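Have a look at data.cif; it's mmCIF, C-alpha atoms:
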data_model
#
loop_
_atom_site.label_atom_id
_atom_site.label_comp_id
_atom_site.auth_asym_id
_atom_site.auth_seq_id
_atom_site.Cartn_x
_atom_site.Cartn_y
_atom_site.Cartn_z
CA MET A 1 183.52 -121.48 94.71
CA ASP A 2 184.24 -121.06 91.01
CA TYR A 3 181.70 -118.90 89.23
CA PRO A 4 181.10 -119.64 85.55
CA SER A 5 180.93 -115.93 84.81
CA LYS A 6 182.93 -112.90 85.91
CA ILE A 7 179.78 -110.79 85.77
CA VAL A 8 177.96 -113.06 88.21
CA GLU A 9 181.06 -113.23 90.41
CA GLU A 10 181.26 -109.43 90.58
CA ALA A 11 177.55 -109.09 91.40
CA VAL A 12 177.88 -111.73 94.13
CA ARG A 13 180.91 -109.87 95.53
CA GLN A 14 178.94 -106.62 95.60
CA PHE A 15 175.91 -108.17 97.33
CA SER A 16 178.03 -110.00 99.90
CA LYS A 17 179.50 -106.66 101.02
CA LEU A 18 176.07 -105.85 102.48
CA PRO A 19 175.52 -106.66 106.18
CA GLY A 20 174.24 -110.15 106.91
CA ILE A 21 174.60 -111.31 103.30
CA GLY A 22 177.03 -114.18 102.74
CA LYS A 23 178.22 -115.63 99.42
CA LYS A 24 175.40 -118.18 99.21
CA THR A 25 172.64 -115.67 99.94
CA ALA A 26 174.27 -113.21 97.51
CA LEU A 27 174.20 -115.82 94.75
CA ARG A 28 170.54 -116.53 95.50
CA LEU A 29 169.73 -112.81 95.22
CA VAL A 30 171.72 -112.50 91.98
CA LEU A 31 169.94 -115.50 90.45
CA SER A 32 166.57 -114.06 91.44
CA LEU A 33 167.50 -110.78 89.74
CA LEU A 34 168.45 -112.75 86.63
CA LYS A 35 164.93 -114.17 86.52
CA GLN A 36 163.37 -110.71 86.61
CA GLU A 37 162.58 -108.65 83.54
CA ASP A 38 165.14 -106.14 82.20
CA ASN A 39 163.10 -103.11 83.25
CA GLU A 40 162.62 -104.48 86.78
CA VAL A 41 166.36 -105.02 87.21
CA ASN A 42 167.08 -101.56 85.83
CA ALA A 43 164.53 -100.07 88.25
CA PHE A 44 166.34 -101.86 91.07
CA ALA A 45 169.73 -100.47 90.02
CA GLU A 46 168.24 -97.00 89.45
CA SER A 47 166.76 -96.94 92.97
CA VAL A 48 170.23 -97.74 94.34
CA VAL A 49 171.93 -95.01 92.29
CA ARG A 50 169.32 -92.46 93.38
CA LEU A 51 170.12 -93.20 97.03
CA LYS A 52 173.42 -91.41 96.57
CA LYS A 53 172.51 -89.01 93.77
CA ASP A 54 169.20 -87.52 94.90
CA LEU A 55 168.89 -88.20 98.60
CA LYS A 56 169.42 -85.25 100.92
CA TYR A 57 170.01 -84.88 104.63
CA CYS A 58 167.84 -82.45 106.56
CA LEU A 59 169.96 -79.36 107.20
CA ARG A 60 168.45 -79.08 110.66
CA CYS A 61 168.23 -82.60 112.12
CA ASN A 62 170.46 -84.58 109.70
CA ASN A 63 167.67 -87.08 109.03
CA ILE A 64 167.36 -88.55 105.55
CA SER A 65 165.03 -86.41 103.47
CA ASP A 66 163.92 -85.63 99.94
CA ASP A 67 164.14 -81.89 100.66
CA ASP A 68 166.55 -79.53 102.44
CA ILE A 69 164.34 -79.62 105.55
CA CYS A 70 162.68 -82.94 106.45
CA GLY A 71 158.95 -83.41 106.96
CA ILE A 72 159.27 -83.63 110.75
CA CYS A 73 161.29 -80.40 111.11
CA ALA A 74 158.97 -78.62 108.68
CA ASP A 75 155.88 -79.69 110.64
CA GLY A 76 154.59 -76.59 112.45
CA ARG A 77 152.57 -78.65 114.95
CA ARG A 78 155.67 -80.28 116.42
CA SER A 79 157.48 -78.70 119.37
CA LYS A 80 160.95 -77.45 118.42
CA GLU A 81 161.80 -77.12 122.11
CA ILE A 82 162.38 -80.84 122.61
CA VAL A 83 165.12 -82.58 120.62
CA CYS A 84 165.42 -86.36 120.66
CA VAL A 85 168.93 -87.57 119.79
CA VAL A 86 168.96 -90.90 117.90
CA GLU A 87 171.47 -93.01 116.00
CA ASP A 88 169.75 -93.36 112.64
CA LEU A 89 166.61 -93.28 110.55
CA ARG A 90 165.35 -96.57 111.94
CA ASP A 91 165.17 -95.12 115.44
CA VAL A 92 163.22 -92.12 114.15
CA MET A 93 160.77 -94.48 112.46
CA ALA A 94 160.49 -96.67 115.58
CA ILE A 95 159.74 -93.66 117.82
CA GLU A 96 157.33 -92.17 115.27
CA ASN A 97 155.44 -95.45 115.22
CA THR A 98 154.74 -95.15 118.97
CA ASN A 99 152.83 -91.88 118.39
CA HIS A 100 154.16 -90.81 121.82
CA TYR A 101 156.57 -88.10 120.71
CA LYS A 102 155.70 -84.70 119.30
CA GLY A 103 159.11 -83.00 119.41
CA VAL A 104 161.87 -83.01 116.79
CA TYR A 105 164.94 -85.19 116.28
CA HIS A 106 168.65 -85.04 115.76
CA VAL A 107 170.10 -87.96 113.82
CA LEU A 108 173.75 -88.65 114.68
CA GLY A 109 174.32 -91.16 111.90
CA GLY A 110 176.30 -93.45 114.20
CA LEU A 111 177.65 -93.82 117.72
CA ILE A 112 181.11 -93.12 119.14
CA SER A 113 182.96 -96.43 118.91
CA PRO A 114 186.75 -96.34 119.31
CA VAL A 115 186.90 -100.08 118.46
CA ASP A 116 185.45 -99.38 115.01
CA GLY A 117 187.49 -96.18 114.62
CA ILE A 118 184.44 -93.92 114.91
CA GLY A 119 185.24 -90.77 116.87
CA PRO A 120 183.04 -87.78 117.82
CA SER A 121 183.97 -85.94 114.62
CA ASP A 122 182.78 -88.83 112.42
CA ILE A 123 179.16 -88.42 113.47
CA ALA A 124 176.89 -85.37 113.56
CA ILE A 125 177.76 -84.19 117.09
CA ASP A 126 179.14 -80.73 116.18
CA PRO A 127 175.98 -79.79 114.23
CA LEU A 128 173.96 -80.83 117.29
CA LEU A 129 176.07 -78.70 119.67
CA ILE A 130 175.73 -75.69 117.35
CA ARG A 131 172.01 -76.33 117.02
CA LEU A 132 171.58 -76.36 120.80
CA GLN A 133 173.26 -72.94 120.97
CA VAL A 134 171.29 -71.21 118.22
CA GLU A 135 167.87 -72.80 118.71
CA ASP A 136 165.58 -72.35 121.67
CA VAL A 137 165.81 -75.91 122.98
CA LYS A 138 164.40 -76.66 126.45
CA GLU A 139 165.02 -80.40 126.66
CA ILE A 140 167.28 -82.93 124.99
CA ILE A 141 166.29 -86.62 125.15
CA PHE A 142 168.99 -89.18 124.46
CA ALA A 143 167.38 -92.23 122.84
CA LEU A 144 170.53 -94.19 122.04
CA ALA A 145 171.21 -97.92 122.30
CA ALA A 146 171.79 -99.24 125.84
CA THR A 147 175.31 -100.29 124.89
CA MET A 148 178.81 -99.10 125.73
CA GLU A 149 178.79 -97.05 122.49
CA GLY A 150 175.40 -95.51 123.21
CA ASP A 151 176.35 -94.60 126.78
CA THR A 152 179.71 -93.15 125.65
CA THR A 153 177.97 -91.00 123.05
CA THR A 154 175.38 -89.75 125.54
CA PHE A 155 178.16 -88.92 128.03
CA TYR A 156 180.34 -87.15 125.43
CA ILE A 157 177.53 -84.95 124.12
CA SER A 158 176.17 -84.03 127.56
CA LYS A 159 179.70 -83.05 128.70
CA HIS A 160 180.21 -80.81 125.65
CA MET A 161 176.91 -78.94 125.82
CA LYS A 162 177.64 -75.25 126.47
CA ASN A 163 174.10 -74.26 127.35
CA ASN A 164 173.42 -75.36 130.92
CA ASP A 165 169.74 -74.43 130.91
CA ILE A 166 168.78 -77.39 128.77
CA LYS A 167 167.19 -80.30 130.63
CA ILE A 168 168.96 -83.57 129.77
CA THR A 169 166.99 -86.83 129.86
CA THR A 170 167.41 -90.36 128.54
CA ILE A 171 164.69 -92.81 127.63
CA ALA A 172 163.78 -95.17 130.48
CA ARG A 173 165.59 -98.50 130.69
CA GLY A 174 163.92 -101.34 132.51
CA ILE A 175 161.76 -104.41 132.23
CA SER A 176 159.76 -104.55 128.99
CA VAL A 177 156.06 -104.03 129.27
CA GLY A 178 154.65 -107.55 129.61
CA GLY A 179 158.08 -108.92 130.50
CA GLU A 180 158.61 -111.37 133.33
CA LEU A 181 161.30 -110.64 135.90
CA GLU A 182 162.85 -114.09 135.85
CA TYR A 183 163.73 -113.73 132.15
CA ALA A 184 165.28 -110.24 132.45
CA ASP A 185 169.09 -110.09 132.48
CA GLU A 186 170.77 -109.02 135.74
CA ILE A 187 172.02 -105.66 134.44
CA THR A 188 168.59 -104.57 133.20
CA LEU A 189 166.93 -105.76 136.39
CA GLY A 190 169.60 -104.07 138.53
CA ARG A 191 169.21 -100.80 136.65
CA SER A 192 165.43 -100.97 136.84
CA ILE A 193 165.69 -101.23 140.63
CA SER A 194 168.20 -98.40 141.06
CA ALA A 195 166.18 -96.21 138.68
CA ARG A 196 162.85 -97.09 140.34
CA ILE A 197 160.06 -94.60 139.93
CA GLU A 198 157.45 -93.43 142.38
CA TYR A 199 154.14 -95.24 142.06
CA LYS A 200 151.30 -92.81 141.56
CA VAL A 201 147.72 -93.84 142.24
CA MET B 1 156.01 -97.80 108.43
CA ASP B 2 156.31 -94.24 107.20
CA TYR B 3 159.56 -93.52 105.44
CA PRO B 4 160.87 -89.97 105.63
CA SER B 5 161.94 -90.13 102.00
CA LYS B 6 160.36 -91.45 98.81
CA ILE B 7 163.81 -92.40 97.53
CA VAL B 8 164.50 -94.59 100.56
CA GLU B 9 160.99 -96.04 100.35
CA GLU B 10 161.50 -96.99 96.71
CA ALA B 11 164.91 -98.59 97.41
CA VAL B 12 163.40 -100.55 100.31
CA ARG B 13 160.56 -101.69 98.05
CA GLN B 14 163.05 -102.86 95.43
CA PHE B 15 165.21 -104.77 97.92
CA SER B 16 162.23 -106.40 99.61
CA LYS B 17 161.21 -107.93 96.25
CA LEU B 18 164.28 -110.17 96.54
CA PRO B 19 163.74 -113.63 98.07
CA GLY B 20 164.10 -113.81 101.86
CA ILE B 21 164.40 -110.03 102.26
CA GLY B 22 161.67 -108.38 104.32
CA LYS B 23 161.05 -104.67 104.85
CA LYS B 24 163.27 -104.46 107.93
CA THR B 25 166.22 -106.23 106.32
CA ALA B 26 165.74 -104.15 103.18
CA LEU B 27 165.95 -100.95 105.21
CA ARG B 28 169.11 -102.21 106.90
CA LEU B 29 170.68 -102.93 103.49
CA VAL B 30 169.64 -99.53 102.16
CA LEU B 31 171.10 -97.75 105.18
CA SER B 32 174.37 -99.67 104.79
CA LEU B 33 174.51 -98.59 101.14
CA LEU B 34 173.98 -95.00 102.27
CA LYS B 35 177.07 -95.28 104.45
CA GLN B 36 179.20 -96.44 101.52
CA GLU B 37 181.09 -94.10 99.22
CA ASP B 38 179.48 -92.88 95.99
CA ASN B 39 181.76 -94.96 93.76
CA GLU B 40 181.09 -98.12 95.78
CA VAL B 41 177.34 -97.68 95.47
CA ASN B 42 177.66 -96.98 91.76
CA ALA B 43 179.80 -100.11 91.35
CA PHE B 44 177.05 -102.05 93.11
CA ALA B 45 174.37 -100.68 90.79
CA GLU B 46 176.59 -101.20 87.73
CA SER B 47 177.17 -104.87 88.62
CA VAL B 48 173.39 -105.33 88.79
CA VAL B 49 172.79 -103.63 85.43
CA ARG B 50 175.51 -105.74 83.79
CA LEU B 51 173.73 -108.91 84.93
CA LYS B 52 171.06 -108.21 82.36
CA LYS B 53 173.06 -106.24 79.79
CA ASP B 54 176.23 -108.30 79.35
CA LEU B 55 175.51 -111.74 80.71
CA LYS B 56 175.05 -114.51 78.16
CA TYR B 57 173.66 -118.03 78.30
CA CYS B 58 175.76 -120.84 76.85
CA LEU B 59 174.21 -121.73 73.47
CA ARG B 60 174.85 -125.38 74.19
CA CYS B 61 174.01 -126.04 77.86
CA ASN B 62 172.08 -122.85 78.78
CA ASN B 63 174.39 -122.19 81.72
CA ILE B 64 175.23 -118.60 82.60
CA SER B 65 178.38 -117.56 80.76
CA ASP B 66 180.43 -114.56 79.68
CA ASP B 67 180.79 -116.06 76.18
CA ASP B 68 178.57 -117.80 73.66
CA ILE B 69 179.88 -121.19 74.81
CA CYS B 70 180.58 -121.65 78.53
CA GLY B 71 183.91 -122.76 79.97
CA ILE B 72 182.64 -126.26 80.77
CA CYS B 73 181.26 -126.94 77.26
CA ALA B 74 184.42 -125.47 75.70
CA ASP B 75 186.69 -127.70 77.82
CA GLY B 76 188.09 -130.41 75.50
CA ARG B 77 188.99 -132.69 78.41
CA ARG B 78 185.36 -133.14 79.47
CA SER B 79 183.24 -135.95 78.03
CA LYS B 80 180.42 -134.66 75.82
CA GLU B 81 178.78 -138.10 75.96
CA ILE B 82 177.38 -137.60 79.46
CA VAL B 83 174.91 -134.78 80.09
CA CYS B 84 173.88 -133.89 83.63
CA VAL B 85 170.51 -132.10 83.78
CA VAL B 86 170.28 -129.54 86.60
CA GLU B 87 167.94 -126.76 87.67
CA ASP B 88 170.31 -123.82 87.83
CA LEU B 89 173.81 -122.45 88.16
CA ARG B 90 174.04 -123.27 91.85
CA ASP B 91 173.64 -126.98 91.13
CA VAL B 92 176.40 -126.81 88.51
CA MET B 93 178.68 -125.14 91.07
CA ALA B 94 177.75 -127.68 93.77
CA ILE B 95 178.51 -130.65 91.48
CA GLU B 96 181.71 -129.03 90.18
CA ASN B 97 182.87 -128.62 93.78
CA THR B 98 182.67 -132.37 94.32
CA ASN B 99 185.29 -132.97 91.56
CA HIS B 100 183.39 -136.19 90.83
CA TYR B 101 181.92 -135.27 87.46
CA LYS B 102 183.75 -134.88 84.17
CA GLY B 103 180.84 -134.70 81.74
CA VAL B 104 178.85 -131.66 80.61
CA TYR B 105 175.62 -130.09 81.85
CA HIS B 106 172.25 -128.90 80.72
CA VAL B 107 170.77 -126.09 82.81
CA LEU B 108 166.95 -126.03 82.72
CA GLY B 109 166.59 -122.70 84.50
CA GLY B 110 163.68 -123.99 86.58
CA LEU B 111 161.47 -127.00 87.23
CA ILE B 112 157.99 -127.83 85.98
CA SER B 113 155.63 -126.49 88.64
CA PRO B 114 151.96 -126.14 87.70
CA VAL B 115 151.26 -124.47 91.08
CA ASP B 116 153.62 -121.62 90.15
CA GLY B 117 152.42 -121.58 86.54
CA ILE B 118 155.70 -122.98 85.17
CA GLY B 119 155.09 -125.40 82.33
CA PRO B 120 157.53 -127.42 80.17
CA SER B 121 157.80 -124.60 77.61
CA ASP B 122 158.88 -122.09 80.28
CA ILE B 123 162.15 -123.88 80.97
CA ALA B 124 164.89 -125.11 78.62
CA ILE B 125 163.45 -128.58 77.91
CA ASP B 126 163.04 -128.23 74.12
CA PRO B 127 166.70 -127.19 73.64
CA LEU B 128 167.67 -130.28 75.67
CA LEU B 129 165.53 -132.63 73.55
CA ILE B 130 167.00 -131.17 70.34
CA ARG B 131 170.49 -131.42 71.81
CA LEU B 132 169.97 -135.10 72.61
CA GLN B 133 169.01 -135.73 68.98
CA VAL B 134 171.90 -133.89 67.31
CA GLU B 135 174.71 -134.65 69.75
CA ASP B 136 176.25 -138.02 70.40
CA VAL B 137 175.01 -138.43 73.99
CA LYS B 138 175.36 -141.84 75.66
CA GLU B 139 173.98 -141.06 79.13
CA ILE B 140 171.74 -138.43 80.68
CA ILE B 141 171.90 -137.95 84.46
CA PHE B 142 168.99 -136.18 86.14
CA ALA B 143 170.32 -134.24 89.14
CA LEU B 144 167.12 -132.42 90.09
CA ALA B 145 165.67 -131.70 93.53
CA ALA B 146 164.00 -134.65 95.29
CA THR B 147 160.67 -132.82 95.26
CA MET B 148 157.40 -133.19 93.41
CA GLU B 149 158.60 -130.58 90.88
CA GLY B 150 161.95 -132.29 90.36
CA ASP B 151 160.37 -135.71 89.91
CA THR B 152 157.75 -134.32 87.51
CA THR B 153 160.44 -132.66 85.40
CA THR B 154 162.55 -135.85 85.29
CA PHE B 155 159.49 -137.85 84.28
CA TYR B 156 158.40 -135.35 81.58
CA ILE B 157 161.82 -135.16 79.94
CA SER B 158 162.45 -138.92 80.01
CA LYS B 159 159.02 -139.53 78.41
CA HIS B 160 159.73 -137.03 75.62
CA MET B 161 163.18 -138.27 74.66
CA LYS B 162 163.06 -139.60 71.11
CA ASN B 163 166.41 -141.37 71.18
CA ASN B 164 165.97 -144.65 73.04
CA ASP B 165 169.67 -145.57 73.03
CA ILE B 166 170.51 -143.03 75.70
CA LYS B 167 170.98 -144.44 79.20
CA ILE B 168 168.86 -142.52 81.73
CA THR B 169 170.05 -142.25 85.35
CA THR B 170 169.28 -140.10 88.36
CA ILE B 171 171.60 -139.23 91.20
CA ALA B 172 171.32 -141.57 94.20
CA ARG B 173 168.91 -140.62 96.96
CA GLY B 174 169.50 -141.98 100.43
CA ILE B 175 171.04 -141.43 103.82
CA SER B 176 173.70 -138.71 103.81
CA VAL B 177 177.26 -139.86 104.27
CA GLY B 178 177.88 -139.60 108.03
CA GLY B 179 174.12 -139.42 108.66
CA GLU B 180 172.44 -141.39 111.42
CA LEU B 181 169.39 -143.50 110.56
CA GLU B 182 167.27 -142.30 113.46
CA TYR B 183 167.42 -138.71 112.19
CA ALA B 184 166.53 -139.53 108.58
CA ASP B 185 162.94 -138.87 107.53
CA GLU B 186 160.76 -141.88 106.73
CA ILE B 187 160.52 -141.22 102.97
CA THR B 188 164.28 -140.94 102.52
CA LEU B 189 164.85 -144.04 104.66
CA GLY B 190 162.14 -145.96 102.82
CA ARG B 191 163.57 -145.03 99.43
CA SER B 192 167.07 -145.90 100.53
CA ILE B 193 165.87 -149.40 101.43
CA SER B 194 163.91 -149.98 98.23
CA ALA B 195 166.83 -148.64 96.17
CA ARG B 196 169.41 -150.66 98.12
CA ILE B 197 172.64 -151.44 96.32
CA GLU B 198 174.76 -154.55 96.29
CA TYR B 199 177.63 -154.44 98.74
CA LYS B 200 180.92 -155.14 97.01
CA VAL B 201 183.96 -156.20 99.03
#

I need this file expressed as structure tokens, please.
Amino acid sequence: MDYPSKIVEEAVRQFSKLPGIGKKTALRLVLSLLKQEDNEVNAFAESVVRLKKDLKYCLRCNNISDDDICGICADGRRSKEIVCVVEDLRDVMAIENTNHYKGVYHVLGGLISPVDGIGPSDIAIDPLLIRLQVEDVKEIIFALAATMEGDTTTFYISKHMKNNDIKITTIARGISVGGELEYADEITLGRSISARIEYKV
Amino acid sequence: MDYPSKIVEEAVRQFSKLPGIGKKTALRLVLSLLKQEDNEVNAFAESVVRLKKDLKYCLRCNNISDDDICGICADGRRSKEIVCVVEDLRDVMAIENTNHYKGVYHVLGGLISPVDGIGPSDIAIDPLLIRLQVEDVKEIIFALAATMEGDTTTFYISKHMKNNDIKITTIARGISVGGELEYADEITLGRSISARIEYKV
């Protein structure tokens, strides 16, 4: 495609670097920005710049935060004895939305993935290992994706934990609530049988 | 959803104002920006700011341009006697890609749409009518969407043209090349019959 303007071409190139955005969608987004008022477009650009300039990462759990310590870590009502290890902010938000968890988090910022060139030192594993040594943690819950990368990361961290008194758990894998068995894939169904739980009346 | 940071929340709000981008997609885009380097994110923001600050509209055809007159209008090899009226830049690019058109364009920047509060004065119709009076135009081709809005706009402009010597045409509507009749909708098929063309051997 030949763009009539270098400025539009550059903006399209920038947008199409984002995940899931192709050239056509990028052009649609750029044209919609062009139809907005100057101050709206500047507010858009400013919000993007601030992401890098003003955003902080919680010194304790590595979650995105406006302050040095995030709201969850600073919350005195939450148990600091349980740490839930997640990949990113979206997982924190998803778990928070369940209202089922009252511990704290540790955000890795990624998963070990040799294919993508992401090793243990590229994500926040060392800060987690140090944290487990200096804080009084009783249980660590791995809530990572049920993929090769998630399993590798869970395995790597659990093998490198120096403190053996900490209980290690992972979130339950199995049939979704409301899910029908015939539509579940074989691996999930197989795992849900081998990891069957006692039925309590 | 509760965001752990006002800065992320604001960026998500800004992204989700774009067409086809919901809150979840916006968050995904914001998180991918967070993973980019500072200079990449600043280049992204800069390209957005430049859209409003440096981009010009061709004084002749209203197309987006880096200069006062766009590359197509400035091209001496293109016929200035045929003007193709389109909605926006994407249509210009689509027609240019066919390599079937060697005239010039007029970009309206929208279509008349009373439902959305867009009247004739909100789009570049007056500049077109003036252009048709001062330039030596022999034919005007309406290449607008085959929708109520497109048809209304074509009708409005053709009724307001003062120069009666100009030939008015619209692009052909009908069955797509390679298209099968049974999959065509009734309106398209009906129109393609009533607008049938003589078969020349």

Item checked: Evaluate the PyMOL selection byres ((chain B) within 6 of (chain A)) and report residues as a PyMOL selection string -> chain B and resi 4-5+11+14+44-45+47+65-66

Note to self: List the spatial neighbours of Val86 of chain A as a ChimeraX atom specification - criterion: any atom at most 6 Å away, all atoms listed in the file, same-chain residues fewer than 4 positions off excluded.
What the structure shows: /A:107,143-144

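Interatomic distance, atom CA of Ile69 of chain B to atom CA of Gly22 of chain A: 28.9 Å.
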
Check: atom CA of Phe155 of chain B and atom CA of Leu189 of chain B, how far apart in Å?
Finding: 22.0 Å

Item checked: Nearest-residue call for Ala146 of chain A, choices A:Lys102, A:Lys200, A:Arg191, A:Lys80, using all atoms listed in the file ->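 Answer, going by the shortest atom-to-atom distance: A:Arg191.
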
Next item on the list: Evaluate the PyMOL selection byres ((chain B and resi 172-181) around 12) on the structure here and hand back the selected residues as a VMD selection string.
Entry: chain B and resid 141 to 147 169 to 171 182 to 197
